[in-house]
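The file final.txt contains compact mmCIF, C-alpha atoms:
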# COMPACT_ATOMS: atom_id res chain seq x y z
CA PRO A 1 -13.88 7.67 11.08
CA PRO A 2 -10.30 8.87 10.59
CA ARG A 3 -7.53 6.34 10.20
CA PRO A 4 -4.56 6.41 12.63
CA ARG A 5 -1.01 6.39 11.36
CA ARG A 6 0.17 3.06 10.04
CA PRO A 7 3.09 1.05 11.40
CA PRO A 8 6.40 1.43 9.55
CA PRO A 9 7.03 -0.76 6.51
CA ARG A 10 9.11 -3.88 6.59
CA CYS A 11 9.92 -6.58 4.10
CA PRO A 12 8.64 -8.89 2.72
CA ALA A 13 4.95 -8.40 1.87
CA PRO A 14 2.93 -6.75 -0.89
CA ARG A 15 1.13 -3.62 0.06
CA ARG A 16 -2.66 -3.78 0.33
CA ARG A 17 -5.11 -0.98 0.97
CA ALA A 18 -6.88 -1.69 4.24
CA ALA A 19 -10.49 -0.71 4.86
CA ALA A 20 -10.81 2.64 6.59
CA ALA A 21 -13.02 1.21 9.28
CA ARG A 22 -10.37 -1.36 10.14
CA ALA A 23 -8.53 1.47 11.90
CA ALA A 24 -5.13 0.44 10.57
CA PHE A 25 -2.88 1.83 7.86
CA SER A 26 -1.74 -0.46 5.09
CA PRO A 27 2.07 -0.51 5.03
CA LEU A 28 4.13 0.55 2.05
CA LEU A 29 5.52 -2.94 2.06
CA VAL A 30 6.89 -4.39 -1.10
CA ALA A 31 8.38 -7.75 -1.83
CA CYS A 32 12.15 -8.11 -1.44
CA GLY A 33 12.68 -10.16 -4.59
CA THR A 34 14.99 -9.24 -7.43
CA SER A 35 13.91 -8.08 -10.87
CA GLN A 36 12.82 -11.18 -12.73
CA SER A 37 10.02 -12.54 -14.87
CA ALA A 38 6.96 -13.94 -13.16
CA GLY A 39 4.26 -15.80 -15.05
CA SER A 40 1.43 -18.23 -14.59
CA SER A 41 3.34 -20.16 -11.95
CA ALA A 42 2.75 -17.25 -9.58
CA ALA A 43 -0.95 -17.98 -9.75
CA GLU A 44 -0.73 -21.72 -9.35
CA GLY A 45 -3.95 -22.92 -7.84
CA ALA A 46 -5.61 -19.52 -8.32
CA GLY A 47 -7.49 -20.59 -11.45
CA ALA A 48 -6.22 -17.65 -13.51
CA GLU A 49 -3.88 -17.60 -16.48
CA VAL A 50 -1.41 -14.89 -15.62
CA PRO A 51 0.56 -12.96 -18.26
CA LEU A 52 4.34 -13.04 -18.18
CA PHE A 53 5.61 -9.87 -16.50
CA ASP A 54 9.11 -8.40 -16.47
CA GLY A 55 10.77 -5.65 -14.48
CA PRO A 56 11.30 -4.82 -10.82
CA TYR A 57 7.68 -5.51 -9.91
CA ALA A 58 7.16 -8.63 -12.04
CA ALA A 59 6.27 -10.83 -9.07
CA GLU A 60 3.88 -8.25 -7.63
CA PHE A 61 2.08 -7.75 -10.96
CA ALA A 62 1.65 -11.51 -11.35
CA ALA A 63 0.34 -11.92 -7.82
CA PHE A 64 -2.06 -9.00 -8.03
CA TYR A 65 -3.31 -10.11 -11.46
CA ALA A 66 -4.11 -13.55 -10.05
CA ASP A 67 -5.85 -11.95 -7.08
CA ALA A 68 -7.90 -9.39 -9.06
CA GLU A 69 -11.62 -10.07 -9.32
CA SER A 70 -12.78 -7.37 -11.76
CA GLU A 71 -12.12 -7.25 -15.49
CA PHE A 72 -11.08 -3.61 -15.13
CA ALA A 73 -8.39 -4.54 -12.60
CA ARG A 74 -7.06 -7.42 -14.70
CA GLN A 75 -6.87 -5.25 -17.82
CA ALA A 76 -5.10 -2.46 -15.95
CA ILE A 77 -2.57 -4.83 -14.40
CA ALA A 78 -2.02 -6.72 -17.66
CA ALA A 79 -0.59 -3.52 -19.15
CA ALA A 80 2.38 -3.98 -16.77
CA GLU A 81 2.04 -0.41 -15.51
CA ILE A 82 -0.61 1.51 -13.62
CA ALA A 83 -1.11 4.89 -15.24
CA ASP A 84 -2.49 7.85 -13.28
CA ALA A 85 -5.62 7.70 -15.45
CA GLU A 86 -6.27 4.10 -14.47
CA ASN A 87 -5.67 4.91 -10.82
CA ALA A 88 -8.15 7.79 -11.11
CA GLU A 89 -10.69 5.48 -12.74
CA MET A 90 -10.23 3.02 -9.91
CA ALA A 91 -10.80 5.79 -7.34
CA GLU A 92 -14.01 6.85 -9.08
CA LYS A 93 -15.27 3.26 -9.15
CA PHE A 94 -14.49 3.00 -5.44
CA ARG A 95 -16.33 6.25 -4.73
CA THR A 96 -19.37 5.18 -6.76
CA CYS A 97 -19.52 1.83 -4.98
CA LEU A 98 -19.42 3.47 -1.56
CA ASP A 99 -21.95 6.14 -2.58
CA GLY A 100 -24.35 3.37 -3.49
CA GLU A 101 -24.24 2.20 0.13
CA GLY A 102 -24.53 5.68 1.59
CA VAL A 103 -20.87 5.85 2.63
CA THR A 104 -18.95 9.07 2.00
CA PHE A 105 -15.40 8.67 0.68
CA SER A 106 -12.94 11.53 1.24
CA GLY A 107 -10.54 10.59 -1.56
CA PHE A 108 -7.17 8.86 -1.37
CA GLU A 109 -4.22 10.53 0.30
CA PRO A 110 -0.80 10.33 -1.42
CA ASP A 111 0.12 7.32 0.74
CA GLY A 112 -3.06 5.44 -0.24
CA SER A 113 -4.88 6.04 3.04
CA TYR A 114 -8.38 7.48 3.17
CA GLU A 115 -11.36 8.13 5.39
CA ALA A 116 -14.88 6.79 4.98
CA SER A 117 -18.00 7.76 6.88
CA HIS A 118 -20.18 5.45 8.91
CA LEU A 119 -23.13 3.75 7.28
CA PRO A 120 -26.37 5.79 7.15
CA ASP A 121 -27.62 3.88 10.21
CA GLY A 122 -24.41 4.68 12.08
CA GLY A 123 -22.96 1.22 11.58
CA ASP A 124 -19.38 0.21 10.84
CA PRO A 125 -18.67 0.43 7.07
CA TYR A 126 -15.90 -2.19 7.19
CA GLU A 127 -17.68 -4.91 5.20
CA VAL A 128 -18.99 -2.43 2.62
CA VAL A 129 -15.54 -0.89 2.19
CA LYS A 130 -13.95 -4.32 1.80
CA VAL A 131 -16.40 -5.29 -0.96
CA CYS A 132 -15.93 -1.97 -2.75
CA GLU A 133 -12.15 -2.32 -2.61
CA ARG A 134 -12.42 -5.67 -4.35
CA GLU A 135 -14.98 -4.52 -6.94
CA SER A 136 -13.13 -1.31 -7.83
CA GLY A 137 -9.61 -2.70 -7.83
CA ALA A 138 -8.49 -0.47 -4.97
CA ASP A 139 -6.75 -3.42 -3.35
CA THR A 140 -4.87 -4.36 -6.52
CA VAL A 141 -4.65 -1.50 -9.05
CA GLY A 142 -4.41 1.13 -6.34
CA ALA A 143 -1.90 -0.84 -4.33
CA LEU A 144 0.42 -1.33 -7.30
CA HIS A 145 0.16 2.32 -8.30
CA ASP A 146 1.15 3.48 -4.83
CA ILE A 147 4.09 1.17 -4.20
CA MET A 148 5.54 1.89 -7.65
CA ALA A 149 5.18 5.64 -7.13
CA SER A 150 7.09 5.60 -3.84
CA ASN A 151 9.69 2.97 -4.79
CA PRO A 152 9.85 2.69 -8.61
CA ALA A 153 12.84 0.36 -8.77
CA ASN A 154 11.56 -1.90 -5.98
CA LEU A 155 14.65 -1.20 -3.89
CA ASP A 156 15.18 -3.06 -0.64
CA VAL A 157 12.74 -1.51 1.83
CA PRO A 158 14.82 -1.83 5.03
CA THR A 159 17.79 -0.27 3.24
CA ILE A 160 15.94 2.78 1.91
CA MET A 161 14.06 3.22 5.18
CA ALA A 162 17.32 3.15 7.16
CA GLU A 163 18.89 5.68 4.79
CA CYS A 164 15.84 7.93 5.03
CA LEU A 165 15.87 7.88 8.84
CA VAL A 166 19.59 8.67 8.86
CA GLY A 167 18.90 11.57 6.54
CA LYS A 168 16.24 12.87 8.95
CA GLY A 169 18.83 12.85 11.73
CA VAL A 170 16.73 10.71 14.07
CA VAL A 171 19.05 7.68 14.12
CA PRO A 172 22.87 7.40 14.16
CA ALA A 173 24.79 7.66 10.88
CA ALA A 174 25.77 4.00 11.17
CA TYR A 175 22.12 2.89 11.38
CA SER A 176 21.66 -0.03 8.97
CA ALA A 177 18.96 -2.06 7.24
CA ASP A 178 19.43 -4.76 9.87
CA ASP A 179 18.90 -2.17 12.60
CA TYR A 180 15.69 -1.09 10.91
CA VAL A 181 14.37 -4.66 10.69
CA THR A 182 15.18 -5.15 14.37
CA ASP A 183 13.37 -1.93 15.26
CA THR A 184 10.25 -2.83 13.28
CA GLU A 185 10.00 -5.94 15.43
CA GLY A 186 10.77 -3.94 18.56
CA ARG A 187 10.41 -0.27 19.39
CA PHE A 188 8.72 0.78 16.13
CA SER A 189 5.84 -1.58 16.82
CA ASP A 190 4.56 0.89 19.45
CA LEU A 191 4.42 4.26 17.71
CA ALA A 192 2.88 5.97 20.73
CA ALA A 193 6.00 5.21 22.79
CA LEU A 194 8.34 6.95 20.32
CA THR A 195 9.42 10.55 20.55
CA THR A 196 7.44 12.93 18.36
CA GLU A 197 10.52 13.64 16.25
CA LEU A 198 11.22 9.96 15.58
CA ARG A 199 7.57 9.12 15.00
CA ASP A 200 7.12 11.95 12.50
CA ALA A 201 10.31 10.99 10.65
CA LEU A 202 9.25 7.36 10.57
CA MET A 203 5.88 8.23 9.08
CA THR A 204 7.41 10.61 6.54
CA CYS A 205 9.91 7.96 5.44
CA SER A 206 7.16 5.33 5.32
CA ASP A 207 5.16 7.50 2.93
CA ASP A 208 8.07 8.66 0.77
CA PRO A 209 11.34 6.85 1.60
CA LEU A 210 13.20 8.13 -1.46
CA GLY A 211 11.97 11.71 -1.23
CA LEU A 212 10.28 11.50 -4.61
CA ALA A 213 7.24 13.54 -3.58
CA GLY A 214 9.33 16.70 -3.33
CA GLY A 215 8.31 19.58 -1.18

Would you mind writing the file out in structure tokens?
Amino acid sequence: PPRPRRPPPRCPAPRRRAAAARAAFSPLLVACGTSQSAGSSAAEGAGAEVPLFDGPYAAEFAAFYADAESEFARQAIAAAEIADAENAEMAEKFRTCLDGEGVTFSGFEPDGSYEASHLPDGGDPYEVVKVCERESGADTVGALHDIMASNPANLDVPTIMAECLVGKGVVPAAYSADDYVTDTEGRFSDLAALTTELRDALMTCSDDPLGLAGG
């Protein structure tokens, strides 16, 4: 079944890929922290010894490393970057896992969304998809790859979203990060009630707030 458009991103929260059958888009959310080292303390109580990470996504790498269940995912995250090759390997593992359960996977869209077919008996694939996300690293490796691609420097999400919407001409020039946060808790929570122009701009900015995708 196709996935509907996701709600707009807001801070703070790490992005996670949601199961296609959950009928909800995973937001492009990233943590609002500053660039700093994050080590084993980030995984306190998780039972995993986490490497020391540096850079704008140090906290996210530490958290996802602690959360990863597969050796592939931990090795990929431990490198402190998610290369396209590793993301492609993750996608193939995800596809293989779903194929084994008779679920067809359409491939990931640039924003990390995807579609998956029903189970062979017509049932909801949610549980199967959830397991395959964990086993393949889609919810860790894939998530990190996507948020870093759309916001490499881990800039403040409300700020870049507000600037993107201003650039699209759908909000006043004085529209601020605070306005955006207010709207995510208000009018943006009901996408169907928005004008087509505002909704389309909001989704475009959610997918690519800095305009890095080109086109």

TODO: Between A:Leu165, A:Ala88, A:Val103, A:Leu198, single out the one closest to A:Gly122, counting only C-alpha atoms.
DONE: A:Val103

Open item on the list: So the first atom is atom CA of A:Asp54 and the second is atom CA of A:Asp111; what is the distance between them in Å, to one decimal place?
Closed with: 25.0 Å

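Atom CA of A:Asn151 is positioned 9.7 Å from atom CA of A:Gly211.
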
Task: Surrounding residues of A:Asp146 excluding itself and chain neighbours under 2 positions, 8 Å, only C-alpha atoms, as a PyMOL selection string - done: chain A and resi 110-112+142-144+148-150

Open item on the list: Considering all atoms listed in the file, can you say which of A:Ala201, A:Ala58, A:Ala177, A:Leu119 comes closest to A:Ile77?
Closed with: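 Among the listed residues, A:Ala58 lies closest to A:Ile77.
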
Open item on the list: Given only C-alpha atoms as the basis, pick out the residue of A:Phe108, A:Tyr175, A:Phe61, A:Phe94 nearest to A:Val128.
Closed with: A:Phe94

- [ ] Have a look at A:Met90, A:Tyr57, A:Leu202, A:Glu69 and name the one nearest to A:Val141; count only C-alpha atoms.
- [x]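 Closest candidate: A:Met90.
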
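For the pair atom CA of A:Ser206 and atom CA of A:Ile160, the interatomic distance is 9.8 Å.
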
TODO: Go through A:Ser136, A:Thr159, A:Ser113, A:Thr204 one by one, measure the shortest atom-to-atom distance of each to A:Val181 using all atoms listed in the file, and give the residue with the smallest value.
DONE: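 The answer is A:Thr159, which sits nearest to A:Val181.
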
Open item on the list: From the options A:Leu210, A:Ala68, A:Ile82, A:Ala76, which residue's atoms come nearest to A:Ala153, counting all atoms listed in the file?
Closed with: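 The answer is A:Leu210, which sits nearest to A:Ala153.
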
Can you fill out stretch 133-152 of chain A with N, CA, C and O atoms and hand it back as a PDB file, keeping the file's coordinate frame?
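This is the output file selection03.pdb:
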ATOM      1  N   GLU A 133     -13.559  -2.233  -2.248  1.00  0.00           N
ATOM      2  CA  GLU A 133     -12.150  -2.320  -2.610  1.00  0.00           C
ATOM      3  C   GLU A 133     -11.928  -3.413  -3.641  1.00  0.00           C
ATOM      4  O   GLU A 133     -11.174  -3.250  -4.604  1.00  0.00           O
ATOM      5  N   ARG A 134     -12.570  -4.548  -3.435  1.00  0.00           N
ATOM      6  CA  ARG A 134     -12.420  -5.670  -4.350  1.00  0.00           C
ATOM      7  C   ARG A 134     -13.044  -5.349  -5.703  1.00  0.00           C
ATOM      8  O   ARG A 134     -12.458  -5.622  -6.758  1.00  0.00           O
ATOM      9  N   GLU A 135     -14.259  -4.785  -5.696  1.00  0.00           N
ATOM     10  CA  GLU A 135     -14.980  -4.520  -6.940  1.00  0.00           C
ATOM     11  C   GLU A 135     -14.324  -3.424  -7.773  1.00  0.00           C
ATOM     12  O   GLU A 135     -14.362  -3.463  -9.004  1.00  0.00           O
ATOM     13  N   SER A 136     -13.727  -2.449  -7.123  1.00  0.00           N
ATOM     14  CA  SER A 136     -13.130  -1.310  -7.830  1.00  0.00           C
ATOM     15  C   SER A 136     -11.685  -1.537  -8.236  1.00  0.00           C
ATOM     16  O   SER A 136     -11.169  -0.838  -9.105  1.00  0.00           O
ATOM     17  N   GLY A 137     -11.028  -2.499  -7.587  1.00  0.00           N
ATOM     18  CA  GLY A 137      -9.610  -2.700  -7.830  1.00  0.00           C
ATOM     19  C   GLY A 137      -8.720  -1.864  -6.931  1.00  0.00           C
ATOM     20  O   GLY A 137      -7.512  -1.775  -7.153  1.00  0.00           O
ATOM     21  N   ALA A 138      -9.296  -1.273  -5.885  1.00  0.00           N
ATOM     22  CA  ALA A 138      -8.490  -0.470  -4.970  1.00  0.00           C
ATOM     23  C   ALA A 138      -7.416  -1.297  -4.288  1.00  0.00           C
ATOM     24  O   ALA A 138      -6.333  -0.793  -3.986  1.00  0.00           O
ATOM     25  N   ASP A 139      -7.714  -2.572  -4.056  1.00  0.00           N
ATOM     26  CA  ASP A 139      -6.750  -3.420  -3.350  1.00  0.00           C
ATOM     27  C   ASP A 139      -5.729  -4.059  -4.274  1.00  0.00           C
ATOM     28  O   ASP A 139      -4.835  -4.758  -3.805  1.00  0.00           O
ATOM     29  N   THR A 140      -5.839  -3.813  -5.573  1.00  0.00           N
ATOM     30  CA  THR A 140      -4.870  -4.360  -6.520  1.00  0.00           C
ATOM     31  C   THR A 140      -4.275  -3.237  -7.381  1.00  0.00           C
ATOM     32  O   THR A 140      -3.093  -2.920  -7.269  1.00  0.00           O
ATOM     33  N   VAL A 141      -5.108  -2.604  -8.196  1.00  0.00           N
ATOM     34  CA  VAL A 141      -4.650  -1.500  -9.050  1.00  0.00           C
ATOM     35  C   VAL A 141      -4.087  -0.366  -8.208  1.00  0.00           C
ATOM     36  O   VAL A 141      -2.995   0.150  -8.461  1.00  0.00           O
ATOM     37  N   GLY A 142      -4.846   0.039  -7.195  1.00  0.00           N
ATOM     38  CA  GLY A 142      -4.410   1.130  -6.340  1.00  0.00           C
ATOM     39  C   GLY A 142      -3.147   0.793  -5.577  1.00  0.00           C
ATOM     40  O   GLY A 142      -2.252   1.626  -5.423  1.00  0.00           O
ATOM     41  N   ALA A 143      -3.070  -0.430  -5.089  1.00  0.00           N
ATOM     42  CA  ALA A 143      -1.900  -0.840  -4.330  1.00  0.00           C
ATOM     43  C   ALA A 143      -0.641  -0.800  -5.189  1.00  0.00           C
ATOM     44  O   ALA A 143       0.405  -0.300  -4.767  1.00  0.00           O
ATOM     45  N   LEU A 144      -0.726  -1.335  -6.407  1.00  0.00           N
ATOM     46  CA  LEU A 144       0.420  -1.330  -7.300  1.00  0.00           C
ATOM     47  C   LEU A 144       0.836   0.091  -7.670  1.00  0.00           C
ATOM     48  O   LEU A 144       2.032   0.421  -7.707  1.00  0.00           O
ATOM     49  N   HIS A 145      -0.136   0.931  -7.949  1.00  0.00           N
ATOM     50  CA  HIS A 145       0.160   2.320  -8.300  1.00  0.00           C
ATOM     51  C   HIS A 145       0.947   3.001  -7.192  1.00  0.00           C
ATOM     52  O   HIS A 145       1.945   3.698  -7.440  1.00  0.00           O
ATOM     53  N   ASP A 146       0.537   2.792  -5.952  1.00  0.00           N
ATOM     54  CA  ASP A 146       1.150   3.480  -4.830  1.00  0.00           C
ATOM     55  C   ASP A 146       2.565   2.984  -4.531  1.00  0.00           C
ATOM     56  O   ASP A 146       3.470   3.776  -4.286  1.00  0.00           O
ATOM     57  N   ILE A 147       2.751   1.665  -4.534  1.00  0.00           N
ATOM     58  CA  ILE A 147       4.090   1.170  -4.200  1.00  0.00           C
ATOM     59  C   ILE A 147       5.086   1.504  -5.299  1.00  0.00           C
ATOM     60  O   ILE A 147       6.253   1.775  -5.020  1.00  0.00           O
ATOM     61  N   MET A 148       4.631   1.539  -6.564  1.00  0.00           N
ATOM     62  CA  MET A 148       5.540   1.890  -7.650  1.00  0.00           C
ATOM     63  C   MET A 148       5.877   3.374  -7.633  1.00  0.00           C
ATOM     64  O   MET A 148       6.982   3.774  -8.000  1.00  0.00           O
ATOM     65  N   ALA A 149       4.933   4.202  -7.189  1.00  0.00           N
ATOM     66  CA  ALA A 149       5.180   5.640  -7.130  1.00  0.00           C
ATOM     67  C   ALA A 149       6.216   5.980  -6.065  1.00  0.00           C
ATOM     68  O   ALA A 149       7.051   6.869  -6.249  1.00  0.00           O
ATOM     69  N   SER A 150       6.179   5.276  -4.941  1.00  0.00           N
ATOM     70  CA  SER A 150       7.090   5.600  -3.840  1.00  0.00           C
ATOM     71  C   SER A 150       8.418   4.867  -3.920  1.00  0.00           C
ATOM     72  O   SER A 150       9.402   5.293  -3.306  1.00  0.00           O
ATOM     73  N   ASN A 151       8.466   3.773  -4.680  1.00  0.00           N
ATOM     74  CA  ASN A 151       9.690   2.970  -4.790  1.00  0.00           C
ATOM     75  C   ASN A 151       9.754   2.347  -6.187  1.00  0.00           C
ATOM     76  O   ASN A 151       9.605   1.139  -6.352  1.00  0.00           O
ATOM     77  N   PRO A 152       9.976   3.160  -7.215  1.00  0.00           N
ATOM     78  CA  PRO A 152       9.850   2.690  -8.610  1.00  0.00           C
ATOM     79  C   PRO A 152      10.724   1.503  -8.967  1.00  0.00           C
ATOM     80  O   PRO A 152      10.319   0.652  -9.758  1.00  0.00           O
TER      81      PRO A 152
END
